[in-house]
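Containing PDB, C-alpha atoms: model_13.pdb.
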```pdb
ATOM      1  CA  MET A   4       0.000   0.000   0.000
ATOM      2  CA  LEU A   5       1.053   3.555  -0.619
ATOM      3  CA  ARG A   6      -0.197   6.578   1.274
ATOM      4  CA  PHE A   7       0.163   9.978  -0.380
ATOM      5  CA  VAL A   8       1.522  12.711   1.843
ATOM      6  CA  TYR A   9       2.080  16.290   0.765
ATOM      7  CA  ASP A  10       4.867  18.360   2.200
ATOM      8  CA  ARG A  11       2.253  20.897   3.335
ATOM      9  CA  GLY A  12       0.137  18.164   4.954
ATOM     10  CA  GLY A  13      -3.352  16.984   4.134
ATOM     11  CA  GLY A  14      -4.870  14.053   2.305
ATOM     12  CA  ALA A  15      -4.580  13.658  -1.441
ATOM     13  CA  GLU A  16      -8.290  13.163  -2.053
ATOM     14  CA  ARG A  17      -9.006  16.653  -0.674
ATOM     15  CA  GLN A  18      -6.433  18.334  -2.886
ATOM     16  CA  LEU A  19      -6.363  16.631  -6.294
ATOM     17  CA  TYR A  20      -9.312  15.706  -8.487
ATOM     18  CA  ASN A  21     -10.126  11.937  -8.533
ATOM     19  CA  VAL A  22      -7.177  10.972  -6.278
ATOM     20  CA  SER A  23      -7.397   8.522  -3.380
ATOM     21  CA  ALA A  24      -4.936   9.131  -0.531
ATOM     22  CA  LEU A  25      -4.430   5.392   0.087
ATOM     23  CA  ILE A  26      -3.834   2.978  -2.791
ATOM     24  CA  ARG A  27      -2.545  -0.475  -3.669
ATOM     25  CA  LEU A  28      -0.520  -1.013  -6.838
ATOM     26  CA  ASP A  29      -1.686  -4.064  -8.754
ATOM     27  CA  SER A  30       1.151  -6.011 -10.368
ATOM     28  CA  GLN A  31      -0.976  -7.630 -13.093
ATOM     29  CA  PRO A  32      -0.479  -5.923 -16.500
ATOM     30  CA  VAL A  33      -3.610  -4.616 -18.208
ATOM     31  CA  GLU A  34      -1.969  -3.029 -21.270
ATOM     32  CA  TYR A  35       1.340  -3.201 -23.036
ATOM     33  CA  LEU A  36       2.589   0.088 -24.393
ATOM     34  CA  THR A  37       5.928   0.892 -25.889
ATOM     35  CA  PRO A  38       8.109   1.330 -23.831
ATOM     36  CA  GLY A  39       6.156   0.275 -20.723
ATOM     37  CA  VAL A  40       3.476  -1.860 -19.171
ATOM     38  CA  VAL A  41       0.318  -0.343 -17.672
ATOM     39  CA  ARG A  42      -1.039  -1.729 -14.411
ATOM     40  CA  THR A  43      -4.016  -0.696 -12.300
ATOM     41  CA  VAL A  44      -4.122   1.314  -9.089
ATOM     42  CA  VAL A  45      -6.642   0.103  -6.524
ATOM     43  CA  PRO A  46      -8.022   3.016  -4.445
ATOM     44  CA  LEU A  47      -8.526   2.014  -0.808
ATOM     45  CA  ALA A  48     -10.867   3.291   1.870
ATOM     46  CA  PRO A  49      -9.457   4.127   5.322
ATOM     47  CA  ALA A  50     -10.266   0.544   6.416
ATOM     48  CA  ASN A  51      -7.871  -0.704   3.653
ATOM     49  CA  LEU A  52     -10.770  -2.049   1.580
ATOM     50  CA  PRO A  53     -11.046  -1.303  -2.158
ATOM     51  CA  THR A  54     -13.388   1.569  -2.973
ATOM     52  CA  ALA A  55     -15.691   1.728  -5.947
ATOM     53  CA  HIS A  56     -14.825   4.048  -8.805
ATOM     54  CA  PRO A  57     -16.994   4.859 -11.791
ATOM     55  CA  ARG A  58     -16.271   3.049 -15.033
ATOM     56  CA  PRO A  59     -14.493   3.582 -17.399
ATOM     57  CA  PHE A  60     -12.300   5.362 -14.849
ATOM     58  CA  THR A  61      -9.526   3.018 -13.784
ATOM     59  CA  PRO A  62      -6.519   4.602 -12.080
ATOM     60  CA  ARG A  63      -3.287   3.286 -13.606
ATOM     61  CA  TRP A  64       0.436   3.221 -13.021
ATOM     62  CA  THR A  65       3.553   2.666 -15.099
ATOM     63  CA  ALA A  66       7.233   2.324 -14.235
ATOM     64  CA  ASP A  67      10.033   3.854 -16.280
ATOM     65  CA  SER A  68      13.328   2.016 -15.769
ATOM     66  CA  LEU A  69      15.291   4.630 -17.727
ATOM     67  CA  THR A  70      14.447   7.406 -15.252
ATOM     68  CA  ASP A  71      13.705   5.182 -12.216
ATOM     69  CA  THR A  72      10.276   6.752 -11.825
ATOM     70  CA  VAL A  73       6.704   5.600 -11.460
ATOM     71  CA  ARG A  74       3.772   7.538 -12.877
ATOM     72  CA  LEU A  75       0.370   7.207 -11.210
ATOM     73  CA  SER A  76      -2.613   8.549 -13.140
ATOM     74  CA  PHE A  77      -6.070   9.164 -11.708
ATOM     75  CA  VAL A  78      -7.301  10.771 -14.933
ATOM     76  CA  ASP A  79     -10.848   9.632 -15.770
ATOM     77  CA  GLY A  80     -10.517  10.233 -19.498
ATOM     78  CA  PHE A  81     -11.118  13.955 -19.057
ATOM     79  CA  SER A  82      -9.505  15.226 -15.854
ATOM     80  CA  GLY A  83      -7.672  14.001 -12.776
ATOM     81  CA  GLY A  84      -4.543  13.973 -10.653
ATOM     82  CA  VAL A  85      -1.144  12.618 -11.743
ATOM     83  CA  PHE A  86       1.975  11.809  -9.718
ATOM     84  CA  VAL A  87       5.514  11.306 -11.045
ATOM     85  CA  LEU A  88       7.615   9.792  -8.243
ATOM     86  CA  ALA A  89      11.065   8.244  -7.736
ATOM     87  CA  ALA A  90      12.794   6.361  -4.924
ATOM     88  CA  ARG A  91      14.711   8.503  -2.455
ATOM     89  CA  PRO A  92      18.339   7.550  -1.693
ATOM     90  CA  GLY A  93      18.511   5.827   1.673
ATOM     91  CA  ARG A  94      14.693   5.762   1.976
ATOM     92  CA  PRO A  95      13.427   2.713   0.060
ATOM     93  CA  ASP A  96       9.976   3.076   1.673
ATOM     94  CA  THR A  97       9.400   6.598   0.311
ATOM     95  CA  LEU A  98       8.844   7.847  -3.214
ATOM     96  CA  ALA A  99       9.182  11.573  -3.851
ATOM     97  CA  GLY A 100       8.352  13.739  -6.823
ATOM     98  CA  ARG A 101       5.699  16.076  -8.105
ATOM     99  CA  ARG A 102       1.933  16.198  -8.436
ATOM    100  CA  PHE A 103      -0.264  17.921 -10.963
ATOM    101  CA  GLU A 104      -3.748  17.823 -12.431
ATOM    102  CA  ARG A 105      -4.726  17.305 -16.051
ATOM    103  CA  TRP A 106      -7.879  19.002 -17.318
ATOM    104  CA  ASP A 107     -10.096  18.670 -20.379
ATOM    105  CA  PHE A 108     -10.253  22.488 -20.499
ATOM    106  CA  GLY A 109      -7.608  25.223 -20.171
ATOM    107  CA  PRO A 110      -5.135  25.337 -18.641
ATOM    108  CA  MET A 111      -4.554  21.714 -19.619
ATOM    109  CA  GLU A 112      -2.139  21.078 -16.742
ATOM    110  CA  THR A 113      -1.983  22.620 -13.266
ATOM    111  CA  GLY A 114       1.143  22.003 -11.175
ATOM    112  CA  HIS A 115       0.726  21.490  -7.440
ATOM    113  CA  GLY A 116       4.324  21.070  -6.276
ATOM    114  CA  PRO A 117       6.003  18.270  -4.371
ATOM    115  CA  ALA A 118       4.430  15.021  -3.245
ATOM    116  CA  ARG A 119       5.521  11.904  -1.403
ATOM    117  CA  ALA A 120       4.145   8.386  -1.282
ATOM    118  CA  ILE A 121       5.048   6.282   1.735
ATOM    119  CA  ARG A 122       4.915   2.495   1.570
ATOM    120  CA  GLN A 123       2.858   0.871   4.301
ATOM    121  CA  PRO A 124       2.600  -2.830   4.990
ATOM    122  CA  CYS A 125      -0.574  -4.482   3.788
ATOM    123  CA  PRO A 126      -2.693  -5.954   6.568
ATOM    124  CA  ALA A 127      -2.678  -9.744   6.829
ATOM    125  CA  SER A 128      -5.417 -11.496   4.896
ATOM    126  CA  ARG A 129      -8.351 -12.565   7.004
TER     127      ARG A 129
END
```

As structure tokens, the full file:
Amino acid sequence: MLRFVYDRGGGAERQLYNVSALIRLDSQPVEYLTPGVVRTVVPLAPANLPTAHPRPFTPRWTADSLTDTVRLSFVDGFSGGVFVLAARPGRPDTLAGRRFERWDFGPMETGHGPARAIRQPCPASR
């Protein structure tokens, strides 16, 4: 599980359109694009249970081995939040980078500054 934390504090869902503050990255590929593989992001409720999201909106993530970054997109086909994050030296549990929103109307992209995602252990299966 990853929990988004902003350097100014606050939960991601209150600050970026369509973003869940707590997510699980699914490892199963859903699309193959050149040069990467697209996988789904599973938004989680505070109780660590998957939350419903309207179709065809499926949050997705990709990894870029050339830049050592992951890109998480909560864009619903029109608008939504995006994160571009990389591992921090000496902090393998924390990804750091930037956050922005994409819009279907101008301006097409709105930057929102730094963001962090902190890995949290998944609860044991019941």

Near segment 96-112 of chain A, 9 Å: segment 15-75 of chain A residue rows, closest pairs, only C-alpha atoms, as a Markdown table:
```
| residue | atom | partner | partner_atom | distance |
| --- | --- | --- | --- | --- |
| A:Leu19 | CA | A:Glu104 | CA | 6.8 |
| A:Tyr20 | CA | A:Glu104 | CA | 7.1 |
| A:Thr72 | CA | A:Leu98 | CA | 8.8 |
| A:Val73 | CA | A:Leu98 | CA | 8.8 |
```

With the PyMOL selection byres ((chain A and resi 49) around 12) as the selection, what would be picked from this file? Answer as a PDB file with C-alpha atoms, keeping the file's coordinate frame, please.
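Printed below is result21.pdb as written:
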```pdb
ATOM      1  CA  MET A   4       0.000   0.000   0.000  1.00  0.00           C
ATOM      2  CA  ARG A   6      -0.197   6.578   1.274  1.00  0.00           C
ATOM      3  CA  GLY A  14      -4.870  14.053   2.305  1.00  0.00           C
ATOM      4  CA  GLU A  16      -8.290  13.163  -2.053  1.00  0.00           C
ATOM      5  CA  SER A  23      -7.397   8.522  -3.380  1.00  0.00           C
ATOM      6  CA  ALA A  24      -4.936   9.131  -0.531  1.00  0.00           C
ATOM      7  CA  LEU A  25      -4.430   5.392   0.087  1.00  0.00           C
ATOM      8  CA  ILE A  26      -3.834   2.978  -2.791  1.00  0.00           C
ATOM      9  CA  PRO A  46      -8.022   3.016  -4.445  1.00  0.00           C
ATOM     10  CA  LEU A  47      -8.526   2.014  -0.808  1.00  0.00           C
ATOM     11  CA  ALA A  48     -10.867   3.291   1.870  1.00  0.00           C
ATOM     12  CA  ALA A  50     -10.266   0.544   6.416  1.00  0.00           C
ATOM     13  CA  ASN A  51      -7.871  -0.704   3.653  1.00  0.00           C
ATOM     14  CA  LEU A  52     -10.770  -2.049   1.580  1.00  0.00           C
ATOM     15  CA  PRO A  53     -11.046  -1.303  -2.158  1.00  0.00           C
ATOM     16  CA  THR A  54     -13.388   1.569  -2.973  1.00  0.00           C
TER      17      THR A  54
END
```

The PyMOL selection byres ((chain A and resi 32) around 6) resolved against shown file, as a list in words: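 In the shown coordinates, the PyMOL selection byres ((chain A and resi 32) around 6) covers Gln31, Val33, Glu34, Val41 and Arg42 of chain A.
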
Resolved residues for the PyMOL selection byres ((chain A and resi 58-71) around 7) as a VMD selection string: chain A and resid 39 to 44 56 to 57 72 to 80 89

Selection from above, C-alpha atoms, as a CSV table (one decimal), in the coordinates of the input, can you write it?
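What landed in again.csv:
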```csv
chain,number,residue,atom,x,y,z
A,39,GLY,CA,6.2,0.3,-20.7
A,40,VAL,CA,3.5,-1.9,-19.2
A,41,VAL,CA,0.3,-0.3,-17.7
A,42,ARG,CA,-1.0,-1.7,-14.4
A,43,THR,CA,-4.0,-0.7,-12.3
A,44,VAL,CA,-4.1,1.3,-9.1
A,56,HIS,CA,-14.8,4.0,-8.8
A,57,PRO,CA,-17.0,4.9,-11.8
A,72,THR,CA,10.3,6.8,-11.8
A,73,VAL,CA,6.7,5.6,-11.5
A,74,ARG,CA,3.8,7.5,-12.9
A,75,LEU,CA,0.4,7.2,-11.2
A,76,SER,CA,-2.6,8.5,-13.1
A,77,PHE,CA,-6.1,9.2,-11.7
A,78,VAL,CA,-7.3,10.8,-14.9
A,79,ASP,CA,-10.8,9.6,-15.8
A,80,GLY,CA,-10.5,10.2,-19.5
A,89,ALA,CA,11.1,8.2,-7.7
```

For segment 85-100 of chain A, I'd like the enclosing box, axis-aligned and padded by 6 Å on every side, reported as JSON with centre and edge lengths in Å to one decimal.
```
{"center_x": 8.7, "center_y": 8.2, "center_z": -4.9, "size_x": 31.7, "size_y": 23.0, "size_z": 25.7}
```
